[in-house]
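Coordinates as given in work-v4.cif (mmCIF, C-alpha atoms and all ligand atoms):
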data_work
#
loop_
_atom_site.label_atom_id
_atom_site.label_comp_id
_atom_site.auth_asym_id
_atom_site.auth_seq_id
_atom_site.Cartn_x
_atom_site.Cartn_y
_atom_site.Cartn_z
CA MET W 85 -26.31 24.72 8.89
CA ILE W 86 -26.38 21.59 6.76
CA MET W 87 -24.83 22.03 3.30
CA THR W 88 -25.24 19.50 0.52
CA LYS W 89 -22.39 18.92 -1.92
CA SER W 90 -22.37 19.61 -5.65
CA PRO W 91 -21.51 16.82 -8.11
CA HIS W 92 -18.13 18.53 -8.65
CA GLU W 93 -17.37 18.58 -4.92
CA ILE W 94 -18.39 14.94 -4.62
CA GLU W 95 -15.98 13.91 -7.38
CA ILE W 96 -13.11 15.69 -5.60
CA MET W 97 -14.05 13.96 -2.34
CA ARG W 98 -14.11 10.65 -4.23
CA GLU W 99 -10.55 11.27 -5.47
CA ALA W 100 -9.46 11.89 -1.88
CA GLY W 101 -11.45 8.87 -0.71
CA LYS W 102 -9.77 6.59 -3.22
CA VAL W 103 -6.34 7.58 -1.91
CA VAL W 104 -7.49 6.90 1.66
CA ALA W 105 -8.94 3.52 0.62
CA ALA W 106 -5.78 2.57 -1.27
CA CYS W 107 -3.67 3.53 1.73
CA HIS W 108 -5.78 1.28 3.95
CA ALA W 109 -5.36 -1.57 1.44
CA GLU W 110 -1.58 -1.09 1.66
CA LEU W 111 -1.74 -0.99 5.46
CA ALA W 112 -3.43 -4.41 5.43
CA LYS W 113 -0.16 -5.78 3.99
CA PHE W 114 2.15 -3.56 6.08
CA ILE W 115 0.68 -4.19 9.55
CA ARG W 116 2.23 -7.21 11.27
CA PRO W 117 3.82 -8.09 14.61
CA GLY W 118 6.98 -6.05 15.27
CA ILE W 119 6.16 -2.79 13.52
CA THR W 120 5.57 0.34 15.57
CA THR W 121 2.50 2.54 15.43
CA LEU W 122 4.85 5.43 14.55
CA GLU W 123 5.90 3.49 11.44
CA ILE W 124 2.20 3.26 10.51
CA ASP W 125 1.89 7.04 10.94
CA THR W 126 4.93 7.65 8.72
CA PHE W 127 3.48 5.26 6.12
CA VAL W 128 0.14 7.12 6.11
CA GLU W 129 1.67 10.60 5.96
CA SER W 130 4.00 9.72 3.10
CA TYR W 131 1.26 7.87 1.20
CA ILE W 132 -1.15 10.82 1.32
CA THR W 133 1.46 13.48 0.54
CA ARG W 134 2.94 11.35 -2.28
CA HIS W 135 -0.52 11.50 -3.87
CA GLY W 136 -0.52 15.31 -3.70
CA MET W 137 -2.95 15.56 -0.79
CA GLU W 138 -2.74 16.74 2.81
CA PRO W 139 -2.97 14.46 5.87
CA ALA W 140 -5.65 16.66 7.41
CA GLN W 141 -5.61 15.20 10.91
CA LYS W 142 -2.09 16.54 11.47
CA GLY W 143 -2.48 19.87 13.25
CA TYR W 144 -6.26 19.56 13.49
CA ASN W 145 -7.15 21.05 16.90
CA GLY W 146 -3.49 20.45 17.73
CA TYR W 147 -3.52 16.70 16.99
CA PRO W 148 0.17 15.95 16.28
CA PHE W 149 0.00 13.06 13.78
CA ALA W 150 -1.31 12.10 10.34
CA ALA W 151 -2.91 8.92 11.67
CA CYS W 152 -4.75 7.86 14.79
CA THR W 153 -3.52 4.40 15.83
CA SER W 154 -5.82 2.88 18.44
CA VAL W 155 -4.67 -0.46 19.88
CA ASN W 156 -6.75 -2.93 21.95
CA ASP W 157 -8.55 -0.91 24.68
CA VAL W 158 -7.99 2.39 22.85
CA ILE W 159 -11.25 3.50 21.24
CA CYS W 160 -9.99 6.37 19.07
CA HIS W 161 -7.39 9.18 18.75
CA GLY W 162 -4.53 6.89 19.87
CA PHE W 163 -1.13 8.55 19.46
CA PRO W 164 1.37 6.78 17.21
CA SER W 165 4.37 5.80 19.35
CA THR W 166 7.36 3.48 19.63
CA TYR W 167 4.97 0.72 20.80
CA ARG W 168 5.65 -2.43 18.79
CA LEU W 169 2.55 -4.31 17.70
CA LYS W 170 2.49 -7.86 18.98
CA ASP W 171 0.73 -11.04 18.00
CA GLY W 172 -2.92 -10.87 19.12
CA ASP W 173 -3.26 -7.06 19.07
CA ILE W 174 -6.10 -5.33 17.23
CA ILE W 175 -5.61 -1.83 15.84
CA THR W 176 -7.81 0.83 14.27
CA VAL W 177 -6.07 3.28 11.92
CA ASP W 178 -7.96 6.52 11.19
CA MET W 179 -6.88 9.01 8.52
CA VAL W 180 -8.22 12.01 6.61
CA ALA W 181 -7.00 13.27 3.21
CA LYS W 182 -7.65 16.86 2.16
CA HIS W 183 -7.70 17.47 -1.59
CA LYS W 184 -8.57 20.72 -3.37
CA GLY W 185 -10.19 22.00 -0.19
CA LEU W 186 -12.33 18.91 0.49
CA HIS W 187 -11.97 15.99 2.91
CA ALA W 188 -12.35 12.21 2.95
CA ASP W 189 -12.22 10.36 6.28
CA SER W 190 -11.95 6.63 6.90
CA ALA W 191 -10.91 4.38 9.77
CA TRP W 192 -10.22 0.68 9.30
CA SER W 193 -9.18 -2.07 11.66
CA TYR W 194 -6.51 -4.72 11.42
CA ALA W 195 -5.72 -7.95 13.24
CA VAL W 196 -2.05 -8.35 14.19
CA GLY W 197 -1.09 -12.01 13.75
CA ASP W 198 -3.48 -14.46 15.41
CA ILE W 199 -6.19 -12.79 17.50
CA SER W 200 -8.60 -14.22 20.07
CA PRO W 201 -12.10 -15.39 19.10
CA GLN W 202 -13.49 -12.48 21.16
CA ALA W 203 -11.40 -9.93 19.22
CA ARG W 204 -12.38 -11.57 15.92
CA HIS W 205 -16.07 -11.37 16.85
CA LEU W 206 -15.67 -7.69 17.77
CA MET W 207 -14.06 -6.92 14.40
CA VAL W 208 -16.64 -8.87 12.38
CA VAL W 209 -19.60 -7.27 14.19
CA THR W 210 -18.22 -3.72 13.99
CA HIS W 211 -17.49 -4.08 10.26
CA ARG W 212 -21.03 -5.38 9.75
CA ALA W 213 -22.41 -2.57 11.94
CA LEU W 214 -20.87 0.02 9.62
CA PHE W 215 -22.75 -1.47 6.67
CA VAL W 216 -25.98 -1.88 8.67
CA GLY W 217 -25.74 1.89 9.22
CA ILE W 218 -24.84 2.66 5.62
CA GLU W 219 -27.93 0.72 4.42
CA GLN W 220 -30.06 3.28 6.27
CA ALA W 221 -28.39 6.25 4.55
CA VAL W 222 -31.09 6.67 1.91
CA VAL W 223 -33.16 9.64 0.77
CA GLY W 224 -36.25 10.08 2.96
CA ASN W 225 -34.97 8.20 6.01
CA HIS W 226 -34.40 10.14 9.20
CA LEU W 227 -30.85 10.75 10.36
CA SER W 228 -31.39 8.72 13.54
CA ASP W 229 -32.41 5.62 11.58
CA ILE W 230 -28.67 5.08 10.98
CA GLY W 231 -27.73 4.99 14.64
CA HIS W 232 -30.79 3.03 15.67
CA ALA W 233 -29.96 0.24 13.21
CA ILE W 234 -26.33 0.15 14.37
CA GLN W 235 -27.17 0.04 18.08
CA THR W 236 -29.86 -2.61 17.63
CA TYR W 237 -27.52 -4.88 15.69
CA VAL W 238 -24.45 -4.38 17.93
CA GLU W 239 -26.37 -4.99 21.16
CA SER W 240 -27.97 -8.12 19.67
CA GLU W 241 -24.39 -9.44 19.45
CA GLY W 242 -23.72 -8.69 23.13
CA LEU W 243 -21.44 -5.71 22.42
CA SER W 244 -21.82 -1.98 23.19
CA VAL W 245 -21.76 1.20 21.07
CA VAL W 246 -19.66 4.20 22.16
CA ARG W 247 -21.81 7.32 22.79
CA ASP W 248 -19.12 9.96 23.43
CA TYR W 249 -17.66 10.02 19.87
CA ILE W 250 -19.82 10.20 16.78
CA GLY W 251 -19.94 10.58 13.00
CA HIS W 252 -20.36 13.90 11.24
CA GLY W 253 -21.04 15.85 8.10
CA ILE W 254 -17.91 16.31 5.97
CA GLY W 255 -16.80 18.47 3.07
CA ARG W 256 -14.88 21.75 3.13
CA GLU W 257 -14.48 21.11 6.88
CA MET W 258 -13.46 17.78 8.36
CA HIS W 259 -16.32 18.06 10.83
CA GLU W 260 -19.57 19.66 9.65
CA ASP W 261 -23.20 19.39 10.66
CA PRO W 262 -25.07 17.16 11.12
CA GLN W 263 -23.85 15.00 14.01
CA VAL W 264 -24.30 11.32 13.18
CA LEU W 265 -25.01 9.23 16.28
CA HIS W 266 -24.43 5.47 16.27
CA TYR W 267 -27.21 4.84 18.80
CA GLY W 268 -30.65 6.12 19.70
CA PRO W 269 -34.31 5.91 18.72
CA PRO W 270 -35.51 5.68 15.08
CA HIS W 271 -37.31 8.36 13.04
CA LYS W 272 -35.68 11.42 14.66
CA GLY W 273 -33.63 14.29 13.28
CA ILE W 274 -33.42 15.63 9.75
CA ARG W 275 -34.60 13.80 6.66
CA LEU W 276 -31.68 12.53 4.60
CA ARG W 277 -31.43 14.22 1.24
CA LYS W 278 -29.45 13.96 -1.98
CA GLY W 279 -25.95 15.46 -1.79
CA LEU W 280 -25.59 15.14 1.99
CA ALA W 281 -22.06 13.89 2.77
CA ILE W 282 -21.47 12.24 6.14
CA THR W 283 -19.25 9.79 7.93
CA ILE W 284 -20.58 6.69 9.67
CA GLU W 285 -17.97 5.43 12.11
CA PRO W 286 -19.23 3.13 14.86
CA MET W 287 -16.86 2.40 17.74
CA VAL W 288 -17.86 -0.86 19.41
CA ASN W 289 -16.68 -2.23 22.77
CA THR W 290 -16.68 -5.68 24.33
CA GLY W 291 -17.61 -4.26 27.76
CA THR W 292 -19.04 -0.93 28.80
CA TYR W 293 -19.54 1.86 26.25
CA GLU W 294 -18.10 4.35 28.76
CA THR W 295 -14.87 6.12 27.90
CA LYS W 296 -11.93 7.86 29.59
CA VAL W 297 -9.21 10.11 28.15
CA ASP W 298 -5.48 9.72 28.92
CA SER W 299 -3.41 12.60 30.35
CA ASP W 300 -2.14 13.34 26.79
CA GLY W 301 -5.60 14.86 26.27
CA TRP W 302 -6.33 12.71 23.19
CA THR W 303 -6.08 8.96 23.69
CA VAL W 304 -9.60 7.65 24.38
CA ARG W 305 -9.87 4.28 26.15
CA THR W 306 -12.63 2.00 27.34
CA LYS W 307 -13.39 2.76 30.97
CA ASP W 308 -13.26 -0.93 31.92
CA GLY W 309 -10.21 -1.93 29.87
CA GLY W 310 -12.28 -3.98 27.40
CA LEU W 311 -11.44 -4.11 23.70
CA SER W 312 -12.68 -1.54 21.16
CA ILE W 313 -12.76 -1.42 17.37
CA GLN W 314 -13.92 1.09 14.75
CA TYR W 315 -14.71 1.11 11.05
CA GLU W 316 -15.52 4.34 9.21
CA HIS W 317 -16.52 5.36 5.70
CA THR W 318 -17.26 8.76 4.15
CA LEU W 319 -20.35 8.56 1.95
CA VAL W 320 -22.82 10.72 0.10
CA ILE W 321 -26.57 10.18 -0.11
CA THR W 322 -27.86 9.87 -3.68
CA ASP W 323 -31.14 9.02 -5.39
CA ASN W 324 -29.64 5.58 -6.00
CA GLY W 325 -28.72 4.95 -2.38
CA PRO W 326 -25.55 5.53 -0.38
CA ASP W 327 -22.41 6.17 -2.45
CA ILE W 328 -19.30 5.22 -0.45
CA LEU W 329 -16.49 7.66 -1.28
CA THR W 330 -13.73 5.92 0.72
CA ALA W 331 -13.93 2.63 -1.17
CA LEU W 332 -11.66 1.46 -3.98
N1 LIG P 1 -10.84 11.21 11.67
C1 LIG P 1 -11.46 11.46 12.95
C2 LIG P 1 -12.95 11.39 12.75
O1 LIG P 1 -13.39 10.36 12.39
C3 LIG P 1 -11.01 12.74 13.53
C4 LIG P 1 -9.93 12.53 14.48
S1 LIG P 1 -9.60 13.97 15.34
C5 LIG P 1 -8.08 14.40 14.77
O2 LIG P 1 -13.68 12.31 12.88
F1 LIG P 1 -7.69 15.42 15.46
F2 LIG P 1 -7.27 13.38 14.87
F3 LIG P 1 -8.16 14.71 13.50
CO CO P 2 -14.79 10.87 11.10
#
Translate this structure into structure tokens?
Ligand code: MF3
Ligand code: CO
Amino acid sequence: MIMTKSPHEIEIMREAGKVVAACHAELAKFIRPGITTLEIDTFVESYITRHGMEPAQKGYNGYPFAACTSVNDVICHGFPSTYRLKDGDIITVDMVAKHKGLHADSAWSYAVGDISPQARHLMVVTHRALFVGIEQAVVGNHLSDIGHAIQTYVESEGLSVVRDYIGHGIGREMHEDPQVLHYGPPHKGIRLRKGLAITIEPMVNTGTYETKVDSDGWTVRTKDGGLSIQYEHTLVITDNGPDILTAL
């Protein structure tokens, strides 16, 4: 069942989203060669709890950390570890804050030192792909218009869109209906309506879109070892267009 959010619920989600966005802004200064992904996780957990909210990924379906830290060929759900980031790495950090029973979810990507032109192109295109999708999140469009726009743009840049992991409705649960695909035909699925809160979170690869999961049961990698990057916002559909809740 697809539930829309009340104005009150949306304002609580915006409070959570602002903390997530501010944490990402701090991470942009914190992430550099030599720090470990575990230090990023500690930073995220303390930032969210210091603001009186819960790091909702921790314990979700048994996920052990506050943050997902996905480096280079890791697509999503990368475990924080003692791995030290090195010059040229690219990393996606995903986090969710829970506040007064409601969630805000955002992933952002960071370049570590100087990165290759290929990695830079991947980051620029994936960031743009998020906003190409968000532009479609307007009342009266079909749900699949979001994914169609993202896939069309990403493939025009010679990159591929991950199929196995998708966006979602969000609110009292981290993951609610509807499923938000980042690929597919236009004009399918439900009509977007006022008060619908979703994430849009394209994962984009340099090579194949196919995935594989490590023996830890979580870490998702590109099947061919190519690079992957993700950007994600939580947003709500309004009569005045998409309202991004995980922005400052
Ligand atoms: N934040 C992720 C998403 O975008 C969820 C990661 S699964 C978790 O949906 F277990 F780490 F929470
Ligand atoms: Co999400």
* **Interatomic distance (Å, one decimal) between atom S1 of ligand LIG 1 (chain P) and CA of Ala181 (chain W)** => 12.4 Å
* To do: May I ask you to write as a VMD selection string all residues lying at most 9 Å from ligand CO 2 (chain P), with only C-alpha atoms and all ligand atoms counted?
  => chain W and resid 178 to 180 188 to 191 250 to 254 258 to 259 282 to 285 316 to 318
Centre, edges in Å (one decimal): axis-aligned box, ligand LIG 1 (chain P), 5 Å padding on all six sides, as lines of an AutoDock Vina configuration file:
center_x = -10.5
center_y = 12.9
center_z = 13.6
size_x = 16.4
size_y = 15.1
size_z = 13.8
* To do: Take CA of Asp125 (chain W) and CA of Cys160 (chain W) and report the distance between them in Å, one decimal.
  =>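 So the two atoms, CA of Asp125 (chain W) and CA of Cys160 (chain W), lie 14.4 Å apart.
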* So which one's closest to ligand LIG 1 (chain P), W:Gly146, W:Gly310, W:Gly301, W:Pro164? Using all atoms listed in the file, please. ->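 Of all the options, W:Gly146 lies closest to ligand LIG 1 (chain P).
Among the candidates W:Leu280, W:Phe114, W:Ala150, W:Asn225, the residue lying nearest to Val128 (chain W) is W:Ala150 (atoms considered: all atoms listed in the file).
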* **Interatomic distance (Å, one decimal) between CA of Val304 (chain W) and CA of Ser244 (chain W)** => 15.6 Å
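The shortest atom-to-atom distance to ligand LIG 1 (chain P), with only C-alpha atoms and all ligand atoms taken into account, belongs to W:Lys142 out of W:Arg277, W:Arg98, W:Lys142, W:Arg204.
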* To do: Using only C-alpha atoms, find the one residue out of W:His161, W:His135, W:Lys113, W:His183 that sits nearest to Tyr249 (chain W).
  =>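 With only C-alpha atoms as the atom set, the closest residue is W:His161.
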* Asked: Which of these residues is nearest to ligand LIG 1 (chain P), using only C-alpha atoms and all ligand atoms: W:Glu260, W:Asp298, W:Asp323, W:Glu241?
  -> W:Glu260
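When only C-alpha atoms are used to compute distances to Ile234 (chain W), the closest of the residues W:Val158, W:Leu311, W:Ile94, W:Val216 turns out to be W:Val216.
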